[in-house]
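What's in protein06.tsv: TSV, C-alpha atoms and all ligand atoms
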```
chain	number	residue	atom	x	y	z
T	1	MET	CA	168.85	159.05	107.75
T	2	HIS	CA	165.19	159.79	107.31
T	3	PRO	CA	162.98	160.49	110.29
T	4	ILE	CA	160.31	158.29	111.80
T	5	ILE	CA	157.39	160.66	112.28
T	6	ASP	CA	154.87	159.72	114.94
T	7	THR	CA	153.70	163.04	116.37
T	8	PRO	CA	152.48	166.18	114.61
T	9	ALA	CA	155.44	168.03	116.17
T	10	LYS	CA	157.90	165.82	114.27
T	11	LEU	CA	156.29	166.53	110.90
T	12	PRO	CA	158.62	168.65	108.76
T	13	ALA	CA	157.09	171.55	106.82
T	14	ASN	CA	156.40	170.59	103.19
T	15	LEU	CA	157.24	166.95	103.82
T	16	LEU	CA	155.78	165.72	100.53
T	17	ALA	CA	157.67	168.18	98.37
T	18	GLY	CA	160.91	166.87	99.85
T	19	CYS	CA	160.12	163.21	99.13
T	20	ARG	CA	161.33	161.70	95.85
T	21	THR	CA	158.73	160.91	93.23
T	22	MET	CA	157.67	157.30	92.72
T	23	PRO	CA	155.74	155.68	89.88
T	24	LEU	CA	152.10	154.63	90.37
T	25	PRO	CA	152.16	150.86	89.84
T	26	ALA	CA	149.99	149.44	87.06
T	27	ARG	CA	150.97	145.82	87.71
T	28	LEU	CA	149.28	143.81	90.43
T	29	LEU	CA	149.95	140.37	91.86
T	30	MET	CA	147.07	138.13	92.93
T	31	CYS	CA	146.87	134.57	94.28
T	32	PRO	CA	143.98	132.34	93.15
T	33	PRO	CA	141.80	131.24	96.09
T	34	GLU	CA	142.23	127.53	95.39
T	35	HIS	CA	143.15	126.75	99.00
T	36	PHE	CA	141.36	129.72	100.60
T	37	ASP	CA	139.35	128.89	103.71
T	38	VAL	CA	138.48	130.09	107.20
T	39	ILE	CA	139.83	127.46	109.57
T	40	ASP	CA	140.70	129.54	112.63
T	41	VAL	CA	140.22	133.02	114.12
T	42	LYS	CA	143.14	135.36	113.43
T	43	ASN	CA	141.04	138.50	113.60
T	44	PRO	CA	137.52	139.29	114.94
T	45	HIS	CA	135.95	139.13	111.46
T	46	MET	CA	136.73	135.41	111.29
T	47	ALA	CA	134.81	134.55	114.49
T	48	GLY	CA	131.72	132.54	113.59
T	49	ASN	CA	132.92	131.99	110.02
T	50	ILE	CA	134.95	128.80	110.39
T	51	GLY	CA	133.87	126.41	107.65
T	52	ARG	CA	131.41	128.93	106.20
T	53	VAL	CA	133.24	129.94	103.00
T	54	ASP	CA	131.26	129.27	99.81
T	55	HIS	CA	134.20	128.14	97.65
T	56	PRO	CA	132.64	128.40	94.17
T	57	LEU	CA	131.37	131.88	95.10
T	58	ALA	CA	134.82	132.87	96.41
T	59	ALA	CA	136.36	131.82	93.07
T	60	GLN	CA	133.81	133.92	91.15
T	61	GLN	CA	134.32	136.95	93.39
T	62	TRP	CA	138.10	136.69	93.13
T	63	ALA	CA	137.93	136.60	89.32
T	64	ALA	CA	135.59	139.60	89.30
T	65	VAL	CA	137.99	141.59	91.50
T	66	GLY	CA	140.77	140.82	89.00
T	67	ARG	CA	138.57	141.98	86.11
T	68	ALA	CA	137.79	145.20	87.99
T	69	PHE	CA	141.53	145.85	88.43
T	70	GLU	CA	142.02	145.28	84.69
T	71	ALA	CA	139.11	147.57	83.86
T	72	ALA	CA	140.93	150.22	85.91
T	73	GLY	CA	143.98	149.84	83.68
T	74	ALA	CA	146.07	147.38	85.71
T	75	ARG	CA	147.82	144.24	84.48
T	76	VAL	CA	147.17	141.33	86.85
T	77	GLU	CA	149.75	138.62	87.36
T	78	GLN	CA	149.33	135.47	89.41
T	79	ILE	CA	151.37	133.62	91.99
T	80	ALA	CA	150.76	129.87	92.28
T	81	PRO	CA	148.68	129.03	95.38
T	82	VAL	CA	150.32	126.72	97.92
T	83	ALA	CA	148.32	123.90	99.52
T	84	GLY	CA	147.84	124.41	103.26
T	85	CYS	CA	148.15	128.22	102.96
T	86	GLU	CA	144.53	129.17	103.49
T	87	ASP	CA	145.22	132.93	103.67
T	88	MET	CA	147.67	133.21	100.77
T	89	VAL	CA	144.99	134.90	98.67
T	90	PHE	CA	145.65	138.00	100.81
T	91	CYS	CA	148.72	139.04	98.80
T	92	ALA	CA	149.20	142.37	100.57
T	93	ASN	CA	150.68	140.86	103.69
T	94	GLN	CA	153.73	138.70	102.92
T	95	THR	CA	155.99	141.47	101.61
T	96	LEU	CA	156.46	145.17	101.19
T	97	VAL	CA	157.79	145.99	97.75
T	98	GLY	CA	158.91	149.25	96.21
T	99	LEU	CA	161.94	151.03	94.80
T	100	ASP	CA	165.16	151.76	96.66
T	101	PRO	CA	166.80	155.21	96.38
T	102	ALA	CA	168.63	154.09	93.21
T	103	GLY	CA	165.29	153.16	91.64
T	104	ARG	CA	165.91	149.42	91.88
T	105	PRO	CA	163.06	147.11	92.88
T	106	LEU	CA	163.27	145.90	96.47
T	107	CYS	CA	161.15	143.37	98.37
T	108	LEU	CA	161.15	143.21	102.19
T	109	LEU	CA	159.83	139.93	103.53
T	110	SER	CA	157.25	139.98	106.30
T	111	ARG	CA	157.43	138.19	109.61
T	112	MET	CA	153.81	137.16	110.02
T	113	ARG	CA	152.21	136.93	113.42
T	114	TYR	CA	150.52	133.56	112.86
T	115	PRO	CA	152.54	130.41	112.09
T	116	SER	CA	150.02	129.28	109.48
T	117	ARG	CA	150.74	132.47	107.54
T	118	GLN	CA	154.54	132.39	107.97
T	119	ARG	CA	154.58	129.57	105.41
T	120	GLU	CA	153.27	131.92	102.70
T	121	VAL	CA	156.24	134.26	102.77
T	122	ALA	CA	158.87	132.15	100.96
T	123	ALA	CA	156.68	131.75	97.88
T	124	PHE	CA	156.35	135.52	97.57
T	125	GLY	CA	160.09	136.01	98.08
T	126	ALA	CA	160.73	133.58	95.23
T	127	TRP	CA	158.18	135.29	92.97
T	128	PHE	CA	159.69	138.72	93.49
T	129	ALA	CA	163.26	137.41	93.12
T	130	ALA	CA	162.26	135.91	89.75
T	131	ALA	CA	160.70	139.26	88.83
T	132	GLY	CA	164.09	140.97	89.35
T	133	TYR	CA	163.66	142.23	92.91
T	134	ARG	CA	166.37	142.29	95.54
T	135	VAL	CA	164.76	140.33	98.39
T	136	LEU	CA	165.62	141.09	102.03
T	137	GLU	CA	164.58	139.57	105.33
T	138	MET	CA	163.84	141.65	108.39
T	139	PRO	CA	167.02	141.66	110.51
T	140	ASP	CA	165.45	140.93	113.91
T	141	ASP	CA	162.49	138.93	115.11
T	142	ARG	CA	159.93	141.75	115.18
T	143	LEU	CA	156.55	141.22	113.57
T	144	PHE	CA	155.86	142.88	110.24
T	145	GLU	CA	152.91	142.22	107.92
T	146	GLY	CA	154.07	143.94	104.76
T	147	SER	CA	151.78	146.27	102.91
T	148	GLY	CA	148.83	145.29	105.10
T	149	ASP	CA	150.44	147.78	107.48
T	150	ALA	CA	153.05	149.66	105.38
T	151	ILE	CA	151.45	151.71	102.62
T	152	TRP	CA	153.24	153.90	100.06
T	153	HIS	CA	152.11	157.48	99.71
T	154	PRO	CA	150.90	157.50	96.08
T	155	GLY	CA	153.58	158.90	93.80
T	156	ARG	CA	156.02	159.74	96.61
T	157	GLY	CA	158.91	158.18	98.49
T	158	LEU	CA	157.06	158.14	101.80
T	159	ILE	CA	155.57	155.22	103.72
T	160	TRP	CA	152.63	155.20	106.15
T	161	GLY	CA	153.25	152.50	108.73
T	162	GLY	CA	150.52	151.06	110.94
T	163	TYR	CA	151.26	149.07	114.10
T	164	GLY	CA	149.54	147.64	117.13
T	165	HIS	CA	148.25	144.22	116.11
T	166	ARG	CA	150.38	142.55	113.44
T	167	THR	CA	153.40	144.84	113.13
T	168	GLU	CA	155.77	146.14	115.83
T	169	PRO	CA	156.86	149.79	115.71
T	170	PRO	CA	160.67	149.26	115.54
T	171	VAL	CA	160.44	147.55	112.13
T	172	TYR	CA	159.82	150.91	110.54
T	173	GLU	CA	163.38	152.01	111.28
T	174	HIS	CA	164.50	149.17	109.02
T	175	VAL	CA	161.81	149.90	106.41
T	176	SER	CA	162.88	153.56	106.35
T	177	ARG	CA	166.57	152.68	106.00
T	178	GLU	CA	166.17	150.08	103.24
T	179	PHE	CA	163.82	152.12	101.08
T	180	GLY	CA	165.54	155.40	101.96
T	181	VAL	CA	162.29	157.18	102.80
T	182	PRO	CA	160.63	158.78	105.82
T	183	VAL	CA	157.99	156.69	107.58
T	184	ILE	CA	154.93	158.10	109.31
T	185	ARG	CA	154.02	155.67	112.05
T	186	LEU	CA	150.34	155.32	113.00
T	187	ARG	CA	149.04	153.36	115.96
T	188	LEU	CA	145.93	151.27	115.31
T	189	LEU	CA	143.39	151.28	118.12
T	190	SER	CA	140.75	148.71	117.28
T	191	GLU	CA	140.92	144.92	116.87
T	192	ARG	CA	138.44	145.08	114.00
T	193	PHE	CA	140.81	147.40	112.14
T	194	TYR	CA	143.90	145.33	112.73
T	195	HIS	CA	145.91	146.28	109.64
T	196	LEU	CA	146.42	149.86	108.43
T	197	ASP	CA	144.78	148.87	105.14
T	198	THR	CA	141.47	148.32	106.96
T	199	CYS	CA	141.19	151.98	107.98
T	200	PHE	CA	143.47	154.02	105.66
T	201	CYS	CA	143.26	154.07	101.87
T	202	ALA	CA	145.66	156.41	100.03
T	203	ILE	CA	143.97	157.36	96.77
T	204	ASP	CA	146.32	159.84	95.18
T	205	GLU	CA	149.02	162.23	96.25
T	206	SER	CA	146.55	164.62	97.87
T	207	THR	CA	143.60	162.39	98.81
T	208	VAL	CA	143.05	159.72	101.43
T	209	LEU	CA	140.06	157.80	102.78
T	210	ILE	CA	140.23	156.98	106.52
T	211	ASN	CA	138.23	155.61	109.39
T	212	PRO	CA	139.31	158.19	112.01
T	213	LYS	CA	137.84	156.25	114.96
T	214	SER	CA	140.37	153.44	114.69
T	215	LEU	CA	143.42	155.75	114.61
T	216	GLU	CA	144.96	157.82	117.41
T	217	PRO	CA	144.02	161.51	117.30
T	218	ALA	CA	147.71	162.42	116.81
T	219	GLY	CA	147.81	160.16	113.75
T	220	VAL	CA	144.64	161.68	112.32
T	221	GLU	CA	146.19	165.11	112.83
T	222	ILE	CA	149.30	164.11	110.85
T	223	ILE	CA	147.12	162.67	108.07
T	224	ARG	CA	145.22	165.94	107.86
T	225	ARG	CA	148.41	167.94	107.55
T	226	VAL	CA	149.91	165.76	104.81
T	227	PHE	CA	146.87	165.07	102.61
T	228	ALA	CA	145.03	168.10	101.24
T	229	ARG	CA	141.79	166.10	101.06
T	230	VAL	CA	140.70	163.65	103.76
T	231	ILE	CA	137.52	161.66	103.12
T	232	GLU	CA	136.12	160.34	106.40
T	233	CYS	CA	134.51	156.95	106.11
T	234	PRO	CA	131.26	156.62	108.08
T	235	ALA	CA	131.78	154.05	110.87
T	236	ASP	CA	129.12	151.65	109.57
T	237	GLU	CA	130.65	151.57	106.07
T	238	ALA	CA	134.16	151.16	107.47
T	239	ASP	CA	133.10	148.16	109.52
T	240	GLY	CA	130.26	146.56	107.57
T	241	ALA	CA	131.77	146.91	104.09
T	242	MET	CA	135.45	147.32	105.03
T	243	ALA	CA	135.23	150.35	102.74
T	244	CYS	CA	138.73	151.62	103.57
T	245	ASN	CA	140.16	148.33	102.25
T	246	ALA	CA	139.66	149.66	98.72
T	247	THR	CA	142.34	149.81	96.04
T	248	ALA	CA	143.16	152.98	94.14
T	249	LEU	CA	144.67	152.55	90.70
T	250	LEU	CA	146.65	155.12	88.75
T	251	GLY	CA	145.11	157.96	90.75
T	252	ARG	CA	141.88	157.60	88.78
T	253	THR	CA	139.87	154.56	89.80
T	254	VAL	CA	138.87	153.09	93.15
T	255	VAL	CA	137.82	149.43	93.38
T	256	ILE	CA	135.74	148.97	96.54
T	257	GLN	CA	133.48	146.48	98.29
T	258	ARG	CA	129.77	147.03	97.66
T	259	GLY	CA	127.75	148.47	100.56
T	260	ALA	CA	129.47	151.82	101.14
T	261	PRO	CA	127.17	154.25	99.31
T	262	ARG	CA	128.31	157.38	101.13
T	263	VAL	CA	131.98	156.69	100.51
T	264	CYS	CA	131.25	155.94	96.85
T	265	ALA	CA	129.30	159.19	96.50
T	266	ALA	CA	132.14	161.15	98.11
T	267	LEU	CA	134.69	159.54	95.78
T	268	ARG	CA	132.58	160.22	92.69
T	269	ALA	CA	132.07	163.82	93.80
T	270	CYS	CA	135.87	164.16	93.83
T	271	GLY	CA	135.98	162.91	90.23
T	272	TYR	CA	137.16	159.33	90.72
T	273	GLN	CA	135.77	156.38	88.79
T	274	VAL	CA	134.38	153.89	91.33
T	275	ILE	CA	134.04	150.18	90.60
T	276	GLU	CA	132.05	148.25	93.21
T	277	VAL	CA	132.70	144.55	93.68
T	278	GLU	CA	131.43	141.85	96.02
T	279	THR	CA	133.97	140.15	98.32
T	280	SER	CA	131.61	138.63	100.91
T	281	GLU	CA	133.56	135.34	101.10
T	282	PHE	CA	136.83	137.15	101.81
T	283	LEU	CA	135.23	139.49	104.35
T	284	LYS	CA	134.55	136.32	106.37
T	285	SER	CA	138.33	136.12	106.74
T	286	GLY	CA	138.77	139.82	107.54
T	287	GLY	CA	139.97	140.93	104.11
T	288	SER	CA	138.64	142.65	101.02
T	289	VAL	CA	139.85	144.39	97.86
T	290	PHE	CA	143.11	146.01	99.04
T	291	CYS	CA	144.56	142.92	100.65
T	292	MET	CA	143.71	140.66	97.70
T	293	LYS	CA	146.58	142.10	95.64
T	294	MET	CA	150.13	143.38	95.85
T	295	TYR	CA	151.29	146.39	93.87
T	296	VAL	CA	154.25	145.44	91.66
T	297	PHE	CA	156.58	148.34	90.83
M	1	LIG	N1	142.61	136.12	107.49
M	1	LIG	C1	143.69	137.01	107.18
M	1	LIG	C2	144.45	137.35	108.45
M	1	LIG	O1	143.84	137.51	109.46
M	1	LIG	C3	143.16	138.25	106.52
M	1	LIG	C4	144.22	139.20	106.07
M	1	LIG	C5	143.64	140.39	105.39
M	1	LIG	N2	144.64	141.27	104.98
M	1	LIG	C6	144.70	142.60	105.17
M	1	LIG	N3	145.72	143.24	104.73
M	1	LIG	N4	143.79	143.25	105.83
M	1	LIG	O2	145.65	137.40	108.48
```

As C-alpha cells, please, write out the structure in this file.
Amino acid sequence: MHPIIDTPAKLPANLLAGCRTMPLPARLLMCPPEHFDVIDVKNPHMAGNIGRVDHPLAAQQWAAVGRAFEAAGARVEQIAPVAGCEDMVFCANQTLVGLDPAGRPLCLLSRMRYPSRQREVAAFGAWFAAAGYRVLEMPDDRLFEGSGDAIWHPGRGLIWGGYGHRTEPPVYEHVSREFGVPVIRLRLLSERFYHLDTCFCAIDESTVLINPKSLEPAGVEIIRRVFARVIECPADEADGAMACNATALLGRTVVIQRGAPRVCAALRACGYQVIEVETSEFLKSGGSVFCMKMYVF
C-alpha cells in the first residue's frame, strides 16, 4: 500500500528516489473541435461566453496547437468527435491513463461532474481499449475528472491529485491502488482554478510551474519539498492567460497560451524551449493547452 500524502508531515524523505521510473510520453490524443461550443456555465470562465465561440477560429487554433505539439517532438493521434459532446475537445478530463506496476497500460475512467460531459467518457474508454489499455471504472460514485485533476510526476511513479471542485478526495485511494503509486493530494481553493491543471504544471522531474494563490499553503509546502525548482506564476498570467495550463513535452519544450511573458521568460531562463499558441476560443470554455490533449503512454 502506498500512502496518500496530504500534509508536509506525511511526506517521506527522498520520496522521488523511491518512486519507480516512468517514461515521458511522446504520443498525445486530441479531439477535433467539430462539436465544440459554449452552451452553459460549468466554470466561471464560461460565464458571458455562451454562444460566443468563433468556430472557424477555434478550428484553426486547435490545428495550430496540434502542430506545436508535433514541433515539440510529439505524435498526435485523434479520437472521433461525438455530436452533442460540446466539451469533448478537452481530452484531459475523461480518463487518467498510465502504466500499472507491471508496466502495462491502464486507463481509469472518470466520473464527470456534469451530465453533459459524462457522455464523453465511453468514447475515450473505447479508444484506449482499442489501443491496448486495460480500462477500469471507478468503483464507487465519487466524482473524478481524470488528468484534469490527477497529474503524473514527470518520469516517476507518483501522482499529484487535485480536489475540491470536480474530483472528490477519496478517489485517490483507488487511483493509488490501481497504479501502485503514492498520491500527493492537493486541495484547490479557487473556483477560477477548478482543476489542478489550471494552477499546477509539472515540467520535468525537478521543475514545476504553479499558481500558489489557488493552492493551500500546506500543498505549496509539499510542492516545494518535492520539486527542486518551483516557478511561481504571476497571478495575472495565471488567470488571464491560464499560463499554468501549459503542456510540457519530453522535459524540453513547453507549449503555452500567449500572454504570459514573465512565465515564458522564466522558462527560457531555465533552458526550456517555449512555443506560444493562441487558444482564445477554448479559454471561453475554461480550458487551454494542457486540457486539449491526453498523454498516451
Ligand atoms: N468547459 C470544460 C469544463 O468546464 C472545460 C474543461 C477544461 N479542462 C481542464 N482540464 N481544465 O468542464

Legend entry - At most 8 Å from ligand LIG 1 (chain M) (only C-alpha atoms and all ligand atoms): residue list as a ChimeraX atom specification: /T:38,41-43,46,87,90-93,114,117,145,147-149,194-198,245,282,285-288,290-292

Legend entry - Surrounding residues of Gly271 in chain T excluding itself and chain neighbours under 3 positions, 12 Å, all atoms listed in the file, as a PyMOL selection string: chain T and resi 203-204+207+251-254+264-268+274

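Distances from T:Gly66, T:Gly180, T:Pro3, T:Gly73 to Ala26 in chain T were compared using all atoms listed in the file, and the smallest one belongs to T:Gly73.
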
Inset, instruction - Choose the residue, out of T:Ala123, T:Ala64, T:Met30, T:Ala131, that has the smallest atom-to-atom separation from Ser110 in chain T; count only C-alpha atoms. - result: T:Ala123

Can you report as lines of an AutoDock Vina configuration file the centre and edge lengths in Å, to one decimal, of an axis-aligned box around the listed atoms of range 40-50 of chain T padded with 6 Å on each side?
```
center_x = 137.4
center_y = 134.0
center_z = 112.5
size_x = 23.4
size_y = 22.5
size_z = 16.9
```

Inset, instruction - Pick out the closest residue to Gln78 in chain T from this set: T:Asp54, T:Val296, T:Gln273, T:Leu109. Count only C-alpha atoms. - result: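 Of all the options, T:Val296 lies closest to Gln78 in chain T.
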
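Distance check against Lys284 in chain T using all atoms listed in the file: of T:Ala202, T:Ala130, T:Leu15, T:Met242, the minimum falls on T:Met242.
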
Legend entry - Which of T:Pro25, T:Gly240, T:Pro139, T:Pro212 sits closest to Val97 in chain T [using all atoms listed in the file]: T:Pro25

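Nearest residue to Glu216 in chain T, choosing from T:Pro44, T:Gly164, T:Gly259, T:Pro169 and counting only C-alpha atoms: T:Gly164.
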
Legend entry - 9 Å contact set for Asp239 in chain T, all atoms listed in the file, chain neighbours under 3 positions out, as a ChimeraX atom specification: /T:192-193,198,234-236,242-244

Inset, instruction - Would you work out the distance separating CA of Asp140 in chain T from CA of His45 in chain T, expressed in Å to one decimal? - result: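 Atom-to-atom, CA of Asp140 in chain T and CA of His45 in chain T are spaced 29.7 Å apart.
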
Inset, instruction - Report the distance between CA of Glu178 in chain T and CA of Gly103 in chain T in Å, rounded to one decimal place. - result: 12.0 Å

Give me range 144-170 of chain T with N, CA, C and O atoms filled in, as an mmCIF file, in the coordinates of the input.
```cif
data_model
loop_
_atom_site.group_PDB
_atom_site.id
_atom_site.type_symbol
_atom_site.label_atom_id
_atom_site.label_comp_id
_atom_site.auth_asym_id
_atom_site.auth_seq_id
_atom_site.Cartn_x
_atom_site.Cartn_y
_atom_site.Cartn_z
ATOM 1 N N PHE T 144 156.065 141.918 111.335
ATOM 2 C CA PHE T 144 155.860 142.880 110.240
ATOM 3 C C PHE T 144 154.951 142.202 109.221
ATOM 4 O O PHE T 144 155.239 141.109 108.768
ATOM 5 N N GLU T 145 153.827 142.847 108.879
ATOM 6 C CA GLU T 145 152.910 142.220 107.920
ATOM 7 C C GLU T 145 152.809 143.002 106.615
ATOM 8 O O GLU T 145 151.732 143.198 106.046
ATOM 9 N N GLY T 146 153.972 143.444 106.130
ATOM 10 C CA GLY T 146 154.070 143.940 104.760
ATOM 11 C C GLY T 146 153.119 145.089 104.473
ATOM 12 O O GLY T 146 152.890 145.958 105.326
ATOM 13 N N SER T 147 152.585 145.106 103.274
ATOM 14 C CA SER T 147 151.780 146.270 102.910
ATOM 15 C C SER T 147 150.339 146.169 103.430
ATOM 16 O O SER T 147 149.509 147.005 103.086
ATOM 17 N N GLY T 148 150.056 145.176 104.309
ATOM 18 C CA GLY T 148 148.830 145.290 105.100
ATOM 19 C C GLY T 148 148.958 146.475 106.044
ATOM 20 O O GLY T 148 147.992 147.188 106.314
ATOM 21 N N ASP T 149 150.192 146.690 106.538
ATOM 22 C CA ASP T 149 150.440 147.780 107.480
ATOM 23 C C ASP T 149 151.293 148.911 106.909
ATOM 24 O O ASP T 149 151.237 150.029 107.424
ATOM 25 N N ALA T 150 152.124 148.638 105.913
ATOM 26 C CA ALA T 150 153.050 149.660 105.380
ATOM 27 C C ALA T 150 152.573 150.058 103.985
ATOM 28 O O ALA T 150 152.608 149.255 103.061
ATOM 29 N N ILE T 151 152.129 151.284 103.852
ATOM 30 C CA ILE T 151 151.450 151.710 102.620
ATOM 31 C C ILE T 151 152.193 152.910 102.021
ATOM 32 O O ILE T 151 152.421 153.924 102.706
ATOM 33 N N TRP T 152 152.561 152.793 100.749
ATOM 34 C CA TRP T 152 153.240 153.900 100.060
ATOM 35 C C TRP T 152 152.298 155.086 99.899
ATOM 36 O O TRP T 152 151.120 154.917 99.554
ATOM 37 N N HIS T 153 152.836 156.269 100.093
ATOM 38 C CA HIS T 153 152.110 157.480 99.710
ATOM 39 C C HIS T 153 152.088 157.508 98.187
ATOM 40 O O HIS T 153 153.150 157.432 97.561
ATOM 41 N N PRO T 154 150.922 157.600 97.537
ATOM 42 C CA PRO T 154 150.900 157.500 96.080
ATOM 43 C C PRO T 154 151.816 158.533 95.409
ATOM 44 O O PRO T 154 151.715 159.733 95.671
ATOM 45 N N GLY T 155 152.726 158.017 94.590
ATOM 46 C CA GLY T 155 153.580 158.900 93.800
ATOM 47 C C GLY T 155 154.751 159.511 94.548
ATOM 48 O O GLY T 155 155.505 160.305 93.973
ATOM 49 N N ARG T 156 154.949 159.129 95.825
ATOM 50 C CA ARG T 156 156.020 159.740 96.610
ATOM 51 C C ARG T 156 156.815 158.713 97.412
ATOM 52 O O ARG T 156 156.257 157.692 97.840
ATOM 53 N N GLY T 157 158.064 159.022 97.648
ATOM 54 C CA GLY T 157 158.910 158.180 98.490
ATOM 55 C C GLY T 157 158.637 158.446 99.948
ATOM 56 O O GLY T 157 159.421 159.113 100.638
ATOM 57 N N LEU T 158 157.519 157.947 100.418
ATOM 58 C CA LEU T 158 157.060 158.140 101.800
ATOM 59 C C LEU T 158 156.171 156.947 102.139
ATOM 60 O O LEU T 158 155.352 156.544 101.311
ATOM 61 N N ILE T 159 156.351 156.398 103.321
ATOM 62 C CA ILE T 159 155.570 155.220 103.720
ATOM 63 C C ILE T 159 154.774 155.531 104.985
ATOM 64 O O ILE T 159 155.305 156.122 105.935
ATOM 65 N N TRP T 160 153.501 155.135 104.966
ATOM 66 C CA TRP T 160 152.630 155.200 106.150
ATOM 67 C C TRP T 160 152.669 153.828 106.808
ATOM 68 O O TRP T 160 152.354 152.828 106.152
ATOM 69 N N GLY T 161 153.048 153.787 108.081
ATOM 70 C CA GLY T 161 153.250 152.500 108.730
ATOM 71 C C GLY T 161 152.338 152.299 109.929
ATOM 72 O O GLY T 161 152.503 152.956 110.958
ATOM 73 N N GLY T 162 151.415 151.373 109.822
ATOM 74 C CA GLY T 162 150.520 151.060 110.940
ATOM 75 C C GLY T 162 151.164 150.047 111.872
ATOM 76 O O GLY T 162 151.996 149.236 111.462
ATOM 77 N N TYR T 163 150.779 150.078 113.154
ATOM 78 C CA TYR T 163 151.260 149.070 114.100
ATOM 79 C C TYR T 163 150.235 148.909 115.216
ATOM 80 O O TYR T 163 149.334 149.730 115.373
ATOM 81 N N GLY T 164 150.409 147.830 115.972
ATOM 82 C CA GLY T 164 149.540 147.640 117.130
ATOM 83 C C GLY T 164 148.968 146.242 117.231
ATOM 84 O O GLY T 164 148.674 145.759 118.314
ATOM 85 N N HIS T 165 148.814 145.564 116.080
ATOM 86 C CA HIS T 165 148.250 144.220 116.110
ATOM 87 C C HIS T 165 149.157 143.202 115.430
ATOM 88 O O HIS T 165 149.443 142.151 115.969
ATOM 89 N N ARG T 166 149.615 143.521 114.226
ATOM 90 C CA ARG T 166 150.380 142.550 113.440
ATOM 91 C C ARG T 166 151.805 143.003 113.152
ATOM 92 O O ARG T 166 152.597 142.234 112.609
ATOM 93 N N THR T 167 152.082 144.265 113.430
ATOM 94 C CA THR T 167 153.400 144.840 113.130
ATOM 95 C C THR T 167 153.880 145.581 114.354
ATOM 96 O O THR T 167 153.080 146.225 115.041
ATOM 97 N N GLU T 168 155.196 145.461 114.653
ATOM 98 C CA GLU T 168 155.770 146.140 115.830
ATOM 99 C C GLU T 168 156.493 147.409 115.378
ATOM 100 O O GLU T 168 157.193 147.402 114.359
ATOM 101 N N PRO T 169 156.358 148.487 116.156
ATOM 102 C CA PRO T 169 156.860 149.790 115.710
ATOM 103 C C PRO T 169 158.330 149.830 115.273
ATOM 104 O O PRO T 169 158.643 150.507 114.299
ATOM 105 N N PRO T 170 159.264 149.100 115.947
ATOM 106 C CA PRO T 170 160.670 149.260 115.540
ATOM 107 C C PRO T 170 160.971 148.836 114.107
ATOM 108 O O PRO T 170 161.975 149.257 113.542
#
```
